[in-house]
$ cat my_file.tsv   # TSV, C-alpha atoms
chain	number	residue	atom	x	y	z
A	341	MET	CA	-13.38	-19.19	-23.21
A	342	PRO	CA	-15.08	-21.26	-20.47
A	343	LEU	CA	-12.86	-22.83	-17.85
A	344	ILE	CA	-12.38	-26.58	-18.03
A	345	TRP	CA	-12.60	-29.04	-15.16
A	346	ASN	CA	-12.10	-32.74	-15.97
A	347	ASP	CA	-12.91	-32.08	-19.66
A	348	VAL	CA	-16.17	-30.34	-18.73
A	349	THR	CA	-16.78	-26.62	-19.19
A	350	VAL	CA	-17.74	-24.70	-16.06
A	351	SER	CA	-19.73	-21.48	-16.41
A	352	THR	CA	-19.73	-19.94	-12.92
A	353	LEU	CA	-17.72	-20.00	-9.72
A	354	GLU	CA	-20.77	-21.24	-7.85
A	355	GLU	CA	-21.04	-24.19	-10.24
A	356	LEU	CA	-17.35	-24.98	-9.85
A	357	GLN	CA	-17.52	-24.88	-6.05
A	358	SER	CA	-20.47	-27.30	-6.05
A	359	ILE	CA	-18.72	-30.08	-8.01
A	360	GLU	CA	-17.81	-32.97	-5.72
A	361	SER	CA	-14.61	-33.83	-7.58
A	362	VAL	CA	-13.46	-30.22	-7.10
A	363	SER	CA	-14.09	-30.59	-3.36
A	364	GLU	CA	-12.15	-33.84	-3.37
A	365	SER	CA	-9.21	-32.26	-5.19
A	366	CYS	CA	-9.17	-29.48	-2.59
A	367	ARG	CA	-9.11	-32.02	0.22
A	368	ASN	CA	-6.22	-33.79	-1.49
A	369	PHE	CA	-4.36	-30.51	-1.92
A	370	ILE	CA	-4.88	-29.48	1.71
A	371	SER	CA	-3.81	-32.89	3.01
A	372	LYS	CA	-0.35	-32.66	1.43
A	373	PRO	CA	2.33	-31.86	4.02
A	374	PRO	CA	3.87	-28.42	3.43
A	375	LYS	CA	7.10	-28.60	1.44
A	376	ASP	CA	10.02	-27.09	3.35
A	377	ILE	CA	11.52	-24.53	0.96
A	378	THR	CA	15.12	-23.66	1.78
A	379	SER	CA	16.71	-22.77	-1.55
A	380	HIS	CA	16.33	-22.35	-5.33
A	381	CYS	CA	13.07	-20.43	-4.91
A	382	LEU	CA	11.71	-17.22	-6.38
A	383	TYR	CA	9.51	-15.70	-3.70
A	384	VAL	CA	6.65	-13.48	-4.87
A	385	CYS	CA	5.33	-10.94	-2.38
A	386	GLN	CA	1.80	-9.58	-2.04
A	387	ALA	CA	0.96	-7.41	-5.05
A	388	GLU	CA	3.66	-9.02	-7.16
A	389	TYR	CA	3.73	-11.49	-10.02
A	390	SER	CA	6.53	-13.20	-11.89
A	391	ALA	CA	7.37	-16.12	-14.15
A	392	ILE	CA	10.14	-18.67	-14.51
A	393	PRO	CA	10.89	-21.15	-17.31
A	394	PHE	CA	10.90	-24.86	-16.58
A	395	ASN	CA	14.50	-25.20	-17.79
A	396	THR	CA	15.96	-23.07	-15.01
A	397	SER	CA	18.15	-23.44	-11.94
A	398	LEU	CA	15.14	-22.38	-9.87
A	399	HIS	CA	13.09	-25.26	-8.50
A	400	TRP	CA	10.20	-23.28	-7.05
A	401	ILE	CA	8.16	-20.13	-7.38
A	402	GLY	CA	5.78	-19.34	-4.55
A	403	THR	CA	4.27	-16.98	-2.03
A	404	ALA	CA	2.91	-16.90	1.52
A	405	GLY	CA	0.28	-15.24	3.65
A	406	ALA	CA	-2.65	-15.52	1.24
A	407	THR	CA	-5.62	-15.22	3.60
A	408	THR	CA	-7.92	-12.72	1.95
A	409	CYS	CA	-5.49	-12.75	-0.96
A	410	HIS	CA	-5.39	-15.42	-3.68
A	411	ILE	CA	-2.44	-17.28	-5.17
A	412	LEU	CA	-2.78	-17.63	-8.93
A	413	ALA	CA	-0.48	-19.89	-10.97
A	414	ILE	CA	-0.79	-20.21	-14.74
A	415	TYR	CA	1.48	-22.49	-16.72
A	416	ASP	CA	1.98	-23.71	-20.27
A	417	SER	CA	4.41	-26.21	-21.74
A	418	GLN	CA	7.45	-23.96	-21.22
A	419	SER	CA	7.04	-21.86	-18.08
A	420	VAL	CA	4.88	-20.84	-15.13
A	421	ALA	CA	3.66	-17.44	-13.94
A	422	LEU	CA	2.54	-16.86	-10.37
A	423	GLY	CA	0.87	-13.88	-8.73
A	424	HIS	CA	-0.23	-12.87	-5.22
A	425	ILE	CA	-3.50	-11.01	-5.76
A	426	ASP	CA	-4.94	-8.85	-2.97
A	427	SER	CA	-7.86	-7.08	-4.64
A	428	GLU	CA	-10.57	-7.78	-7.19
A	429	THR	CA	-9.78	-4.48	-8.93
A	430	VAL	CA	-6.37	-5.63	-10.15
A	431	VAL	CA	-7.31	-9.10	-11.39
A	432	GLY	CA	-7.67	-8.26	-15.09
A	433	ASP	CA	-4.45	-6.27	-15.41
A	434	THR	CA	-2.46	-8.79	-13.36
A	435	ILE	CA	-3.61	-11.76	-15.45
A	436	SER	CA	-2.75	-9.83	-18.61
A	437	SER	CA	0.73	-9.06	-17.24
A	438	MET	CA	1.24	-12.70	-16.27
A	439	GLU	CA	0.10	-13.87	-19.69
A	440	GLU	CA	2.68	-11.61	-21.36
A	441	LEU	CA	5.38	-13.69	-19.64
A	442	LEU	CA	4.10	-16.98	-21.08
A	443	ASP	CA	4.29	-18.50	-24.57
A	444	ALA	CA	1.88	-16.58	-26.80
A	445	ASP	CA	1.74	-19.45	-29.30
A	446	ASP	CA	0.63	-22.00	-26.71
A	447	ARG	CA	-3.05	-21.23	-26.13
A	448	ILE	CA	-3.67	-24.10	-23.71
A	449	ARG	CA	-3.02	-23.15	-20.10
A	450	HIS	CA	-3.31	-24.87	-16.76
A	451	VAL	CA	-4.46	-22.78	-13.81
A	452	CYS	CA	-4.19	-23.20	-10.03
A	453	VAL	CA	-5.98	-20.90	-7.57
A	454	VAL	CA	-5.54	-21.13	-3.79
A	455	GLY	CA	-6.41	-18.73	-1.00
A	456	GLY	CA	-9.27	-16.65	0.24
A	457	VAL	CA	-11.24	-17.50	3.31
A	458	VAL	CA	-14.85	-17.10	4.35
A	459	GLU	CA	-14.39	-14.24	6.80
A	460	ALA	CA	-16.58	-11.55	8.27
A	461	LYS	CA	-15.30	-8.67	6.17
A	462	GLY	CA	-16.13	-10.50	2.95
A	463	HIS	CA	-13.11	-9.38	0.93
A	464	SER	CA	-12.22	-12.80	-0.50
A	465	LEU	CA	-15.39	-13.57	-2.45
A	466	PRO	CA	-15.04	-10.68	-4.96
A	467	ILE	CA	-11.45	-11.75	-5.70
A	468	SER	CA	-12.50	-15.35	-6.35
A	469	GLU	CA	-15.42	-14.26	-8.52
A	470	ASN	CA	-13.35	-11.83	-10.56
A	471	LEU	CA	-10.59	-14.39	-11.06
A	472	PHE	CA	-13.10	-16.90	-12.41
A	473	ASP	CA	-14.93	-14.37	-14.61
A	474	THR	CA	-11.75	-12.82	-16.01
A	475	LEU	CA	-10.15	-16.14	-16.89
A	476	SER	CA	-13.42	-17.27	-18.48
A	477	SER	CA	-13.55	-14.16	-20.66
A	478	ARG	CA	-10.08	-14.54	-22.14
A	479	SER	CA	-9.22	-16.28	-25.40
A	480	GLU	CA	-6.85	-18.81	-23.83
A	481	ARG	CA	-8.16	-22.26	-22.91
A	482	TYR	CA	-7.67	-22.69	-19.16
A	483	ILE	CA	-7.71	-26.16	-17.63
A	484	ILE	CA	-8.18	-26.09	-13.86
A	485	ASP	CA	-5.72	-28.19	-11.85
A	486	VAL	CA	-6.91	-27.02	-8.44
A	487	TRP	CA	-9.27	-24.28	-7.28
A	488	CYS	CA	-9.16	-24.22	-3.49
A	489	THR	CA	-10.79	-21.01	-2.26
A	490	LEU	CA	-13.49	-19.76	0.11
A	491	GLU	CA	-15.44	-22.65	1.71
A	492	HIS	CA	-12.93	-25.21	0.45
A	493	ASN	CA	-10.07	-23.32	2.10
A	494	SER	CA	-11.81	-22.43	5.37
A	495	TYR	CA	-12.56	-24.12	8.68
A	496	VAL	CA	-13.88	-23.08	12.07
A	497	HIS	CA	-11.21	-23.29	14.76
A	498	SER	CA	-11.91	-24.45	18.29
A	499	ASP	CA	-11.91	-20.78	19.34
A	500	GLY	CA	-14.90	-20.20	17.04
A	501	LYS	CA	-12.95	-18.15	14.51
A	502	THR	CA	-12.84	-18.99	10.82
A	503	LYS	CA	-9.32	-19.83	9.66
A	504	ALA	CA	-7.63	-20.51	6.33
A	505	ARG	CA	-6.41	-24.04	5.68
A	506	VAL	CA	-3.61	-23.13	3.24
A	507	THR	CA	-2.01	-19.70	2.99
A	508	ASP	CA	1.48	-20.57	1.66
A	509	ALA	CA	2.19	-22.45	-1.57
A	510	VAL	CA	4.86	-23.07	-4.20
A	511	PHE	CA	4.76	-24.28	-7.74
A	512	ASP	CA	7.05	-27.27	-8.22
A	513	VAL	CA	8.79	-26.73	-11.56
A	514	GLN	CA	9.74	-30.39	-11.98
A	515	GLN	CA	6.37	-31.89	-11.06
A	516	LYS	CA	4.37	-29.01	-12.55
A	517	GLU	CA	2.01	-28.67	-9.61
A	518	LEU	CA	1.12	-26.21	-6.89
A	519	ILE	CA	1.62	-27.57	-3.36
A	520	PRO	CA	1.44	-26.24	0.22
A	521	ALA	CA	4.75	-24.84	1.43
A	522	LYS	CA	6.73	-23.61	4.40
A	523	PHE	CA	9.35	-20.97	3.56
A	524	GLN	CA	12.64	-20.69	5.43
A	525	SER	CA	13.25	-17.38	3.65
A	526	ARG	CA	10.79	-14.98	2.06
A	527	GLY	CA	13.27	-12.45	0.80
A	528	PRO	CA	15.08	-10.60	-0.34
A	529	GLU	CA	14.22	-6.98	0.57
A	530	LEU	CA	10.71	-7.50	1.97
A	531	PRO	CA	10.26	-4.00	3.49
A	532	LEU	CA	11.50	-2.36	0.29
A	533	ARG	CA	9.08	-4.39	-1.80
A	534	SER	CA	6.15	-3.53	0.46
A	535	THR	CA	7.14	0.14	0.40
A	536	ARG	CA	7.15	0.10	-3.42
A	537	TYR	CA	3.58	-1.14	-3.42
A	538	TYR	CA	2.36	1.37	-0.84
A	539	LYS	CA	4.11	4.26	-2.61
A	540	THR	CA	3.28	3.42	-6.22
A	541	GLY	CA	0.10	1.36	-5.92
A	542	ALA	CA	1.33	-0.75	-8.82
A	543	TYR	CA	1.88	-4.48	-9.06
A	544	PHE	CA	5.50	-5.40	-9.69
A	545	ASN	CA	7.49	-8.18	-11.35
A	546	PRO	CA	10.79	-8.56	-9.45
A	547	TYR	CA	12.35	-11.23	-11.69
A	548	ASP	CA	14.21	-10.50	-14.91
A	549	LEU	CA	13.76	-13.49	-17.22
A	550	THR	CA	16.58	-12.30	-19.48
A	551	THR	CA	19.29	-12.07	-16.80
A	552	GLY	CA	17.86	-14.52	-14.24
A	553	THR	CA	18.16	-11.88	-11.51
A	554	ILE	CA	15.86	-10.30	-8.98
A	555	THR	CA	16.00	-6.60	-9.76
A	556	PHE	CA	14.55	-3.66	-7.84
A	557	PRO	CA	14.66	-0.46	-9.90
A	558	TYR	CA	14.91	2.93	-8.24
A	559	PHE	CA	11.77	4.62	-7.02
A	560	GLU	CA	11.34	7.75	-4.96
A	561	PHE	CA	10.39	7.66	-1.29
A	562	SER	CA	11.28	9.62	1.83
A	563	SER	CA	11.43	8.64	5.48
A	564	ASN	CA	8.54	9.18	7.86
A	565	PRO	CA	9.97	9.41	11.40
A	566	GLY	CA	6.45	9.38	12.81
A	567	MET	CA	6.25	5.69	11.92
A	568	MET	CA	8.68	4.89	14.74
A	569	GLY	CA	5.75	5.08	17.12
A	570	ALA	CA	4.20	2.05	15.41
A	571	VAL	CA	7.25	-0.21	15.71
A	572	ASN	CA	6.33	-1.44	19.19
A	573	LEU	CA	2.59	-1.80	18.68
A	574	PRO	CA	1.13	-5.06	20.05
A	575	ASP	CA	0.05	-7.84	17.72
A	576	ASP	CA	-3.65	-7.38	18.45
A	577	PHE	CA	-3.59	-3.74	17.39
A	578	ILE	CA	-1.63	-4.47	14.20
A	579	LEU	CA	-3.94	-7.32	13.23
A	580	ALA	CA	-7.08	-5.29	13.89
A	581	ASN	CA	-5.88	-2.26	11.92
A	582	CYS	CA	-3.59	-3.63	9.20
A	583	SER	CA	-5.33	-6.81	8.07
A	584	THR	CA	-8.53	-7.60	6.18
A	585	SER	CA	-8.60	-11.04	7.82
A	586	PRO	CA	-7.11	-10.61	11.32
A	587	ASP	CA	-8.23	-14.04	12.54
A	588	CYS	CA	-6.33	-15.83	9.78
A	589	GLU	CA	-2.96	-14.13	9.46
A	590	PRO	CA	0.24	-16.19	9.70
A	591	ASP	CA	2.60	-15.82	12.63
A	592	PHE	CA	4.98	-13.58	10.68
A	593	PHE	CA	2.37	-10.94	9.79
A	594	SER	CA	2.76	-8.60	12.77
A	595	GLN	CA	6.56	-8.73	12.72
A	596	ASP	CA	6.58	-8.05	8.97
A	597	MET	CA	4.49	-4.95	9.63
A	598	ARG	CA	6.87	-3.79	12.37
A	599	ASP	CA	9.82	-4.28	10.02
A	600	LEU	CA	7.97	-2.20	7.43
A	601	PHE	CA	7.21	0.56	9.94
A	602	LEU	CA	10.89	0.71	10.93
A	603	PHE	CA	12.01	0.77	7.30
A	604	GLN	CA	9.62	3.58	6.42
A	605	ALA	CA	10.60	5.55	9.53
A	606	THR	CA	14.34	5.42	8.86
A	607	GLN	CA	15.02	4.83	5.17
A	608	THR	CA	14.94	7.02	2.06
A	609	SER	CA	15.40	6.22	-1.59
A	610	GLN	CA	18.85	7.84	-1.52
A	611	ARG	CA	19.98	5.71	1.43
A	612	VAL	CA	18.71	2.52	-0.16
A	613	PHE	CA	19.67	3.06	-3.80
A	614	GLY	CA	22.55	5.52	-3.39
A	615	GLN	CA	23.14	8.86	-5.07
A	616	GLU	CA	23.47	7.20	-8.47
A	617	LYS	CA	20.01	5.63	-8.17
A	618	ARG	CA	21.25	2.25	-9.32
A	619	PRO	CA	18.91	-0.74	-9.18
A	620	ILE	CA	19.41	-3.33	-6.47
A	621	VAL	CA	20.20	-6.69	-8.07
A	622	TYR	CA	20.30	-10.20	-6.59
A	623	ILE	CA	21.73	-13.29	-8.26
A	624	LEU	CA	21.26	-16.95	-7.40
A	625	ASP	CA	24.45	-18.51	-6.06
A	626	SER	CA	25.61	-22.12	-6.43
A	627	GLU	CA	23.74	-23.07	-3.23
A	628	GLY	CA	20.46	-21.70	-4.53
A	629	GLN	CA	20.49	-18.61	-2.27
A	630	TRP	CA	19.90	-15.05	-3.44
A	631	GLN	CA	22.97	-12.86	-2.99
A	632	ARG	CA	23.22	-9.14	-3.63
A	633	ARG	CA	25.46	-8.33	-6.55
$ encode --input "my_file.tsv" --output "structure tokens"
Amino acid sequence: MPLIWNDVTVSTLEELQSIESVSESCRNFISKPPKDITSHCLYVCQAEYSAIPFNTSLHWIGTAGATTCHILAIYDSQSVALGHIDSETVVGDTISSMEELLDADDRIRHVCVVGGVVEAKGHSLPISENLFDTLSSRSERYIIDVWCTLEHNSYVHSDGKTKARVTDAVFDVQQKELIPAKFQSRGPELPLRSTRYYKTGAYFNPYDLTTGTITFPYFEFSSNPGMMGAVNLPDDFILANCSTSPDCEPDFFSQDMRDLFLFQATQTSQRVFGQEKRPIVYILDSEGQWQRR
């Protein structure tokens, strides 16, 4: 079903990007000061998706570091699903997985898309195009709240490099809107979550809607001591070799990669999960912080 912008159907991404009111909505989105997120948040990593109901103790669901990647939020009258999408090849399956977490009887959806940057390697455009085409081909009726990607989310810095305007965002459960964000914590278990993706190649939903817990099931991996040599690599080398948009990455990117190298050099599935292979579970405490159970 065609996507809807201001009660008008939009047939192509190019058409959407050319609408002045879309440009204005992007400028309004970008101009909002980032919300400082300190608690009551479900953080979704790259190559993950999840959903939370609106009647929950969680106030936010969000993600960070979407440069080439795109942040996709879909919500209905009861809940919101959010994904951090890093490739055009996974768009269809990820949207289907996100839709399974929403109300099947409510066919009207609102959609927010942020991320992607006009960069030399050209990885962002196929993601944006596939997101638009896949959503348009589904039976749900999607109403666009904000679509801030590519040219709308890019600018040329004084150093001549193209940068992303917004890379971090959260969905505000109370206000039902996606807004720029600044995360005080992006956990838990970031290196483990990245290792799962690199080992399995599969997108993952860390949040259990039934129990309200973040749960990491057992998966098999071994240590690679050779990765220790990468722990002290300089930022420039890491950016050039580990990123599809090295001019746009957030400050935490290189350190996150070093933490991942150290984890993969020293940890095994048995050390992390124990001999009994029990899942790692986190619960939200009374202060809105995730604590390991």
$ residues_around --input "my_file.tsv" --residues "segment 438-453 of chain A" --least-positions-apart "5" --cutoff "6 Å" --atoms "only C-alpha atoms" --output "NGL selection string"
:A and (411-416 or 421 or 480-487)
$ closest_atom_pairs --input "my_file.tsv" --of "segment 356-424 of chain A" --to "segment 498-505 of chain A" --cutoff "12 Å" --atoms "only C-alpha atoms" --output "JSON lines"
{"residue": "A:Cys366", "atom": "CA", "partner": "A:Arg505", "partner_atom": "CA", "distance": 10.3}
{"residue": "A:Arg367", "atom": "CA", "partner": "A:Arg505", "partner_atom": "CA", "distance": 10.0}
{"residue": "A:Phe369", "atom": "CA", "partner": "A:Arg505", "partner_atom": "CA", "distance": 10.2}
{"residue": "A:Ile370", "atom": "CA", "partner": "A:Arg505", "partner_atom": "CA", "distance": 6.9}
{"residue": "A:Ser371", "atom": "CA", "partner": "A:Arg505", "partner_atom": "CA", "distance": 9.6}
{"residue": "A:Lys372", "atom": "CA", "partner": "A:Arg505", "partner_atom": "CA", "distance": 11.4}
{"residue": "A:Pro373", "atom": "CA", "partner": "A:Arg505", "partner_atom": "CA", "distance": 11.8}
{"residue": "A:Pro374", "atom": "CA", "partner": "A:Arg505", "partner_atom": "CA", "distance": 11.4}
{"residue": "A:Gly405", "atom": "CA", "partner": "A:Ala504", "partner_atom": "CA", "distance": 9.9}
{"residue": "A:Ala406", "atom": "CA", "partner": "A:Ala504", "partner_atom": "CA", "distance": 8.7}
{"residue": "A:Thr407", "atom": "CA", "partner": "A:Ala504", "partner_atom": "CA", "distance": 6.3}
{"residue": "A:Thr408", "atom": "CA", "partner": "A:Ala504", "partner_atom": "CA", "distance": 8.9}
{"residue": "A:Cys409", "atom": "CA", "partner": "A:Ala504", "partner_atom": "CA", "distance": 10.9}
{"residue": "A:His410", "atom": "CA", "partner": "A:Ala504", "partner_atom": "CA", "distance": 11.5}
$ atom_distance --input "my_file.tsv" --atom1 "atom CA of Thr474 of chain A" --atom2 "atom CA of Glu364 of chain A"
24.5 Å
$ closest_residue --input "my_file.tsv" --among "A:Tyr383, A:Phe561, A:Phe544, A:Phe577" --to "Gln607 of chain A" --atoms "all atoms listed in the file"
A:Phe561
$ closest_residue --input "my_file.tsv" --among "A:Val571, A:Leu353, A:Ile467, A:Ile519" --to "Ser365 of chain A" --atoms "all atoms listed in the file"
A:Ile519
$ closest_residue --input "my_file.tsv" --among "A:Ala509, A:Val430, A:Val496, A:Ile435" --to "Gly455 of chain A" --atoms "all atoms listed in the file"
A:Ala509
$ closest_residue --input "my_file.tsv" --among "A:Val362, A:Ser563, A:Ala391, A:Ile401" --to "Ala521 of chain A" --atoms "all atoms listed in the file"
A:Ile401
$ atom_distance --input "my_file.tsv" --atom1 "atom CA of Asp587 of chain A" --atom2 "atom CA of Tyr389 of chain A"
25.7 Å
$ atom_distance --input "my_file.tsv" --atom1 "atom CA of Pro565 of chain A" --atom2 "atom CA of Ala605 of chain A"
4.3 Å
$ closest_residue --input "my_file.tsv" --among "A:Gly456, A:Gly614, A:Gly423, A:Gly432" --to "Pro546 of chain A" --atoms "only C-alpha atoms"
A:Gly423
$ closest_residue --input "my_file.tsv" --among "A:Gly552, A:Ala542, A:Glu560, A:Ser464" --to "Asp433 of chain A" --atoms "all atoms listed in the file"
A:Ala542
$ residues_around --input "my_file.tsv" --residues "Tyr537 of chain A" --least-positions-apart "3" --cutoff "12 Å" --atoms "only C-alpha atoms" --output "PyMOL selection string"
chain A and resi 385-388+426+530-534+540-546+559-561+600
$ residues_around --input "my_file.tsv" --residues "Asn470 of chain A" --least-positions-apart "3" --cutoff "9 Å" --atoms "only C-alpha atoms" --output "ChimeraX atom specification"
/A:428-429,431-432,465-467,473-475
$ residues_around --input "my_file.tsv" --residues "Val513 of chain A" --least-positions-apart "6" --cutoff "10 Å" --atoms "all atoms listed in the file" --output "MDAnalysis selection string"
chainID A and resid 392:401 415 419:420
$ residues_around --input "my_file.tsv" --residues "segment 617-629 of chain A" --least-positions-apart "6" --cutoff "7 Å" --atoms "all atoms listed in the file" --output "list in words"
Ser379, His380, Thr553, Ile554, Thr555, Phe556, Pro557 and Tyr558 of chain A
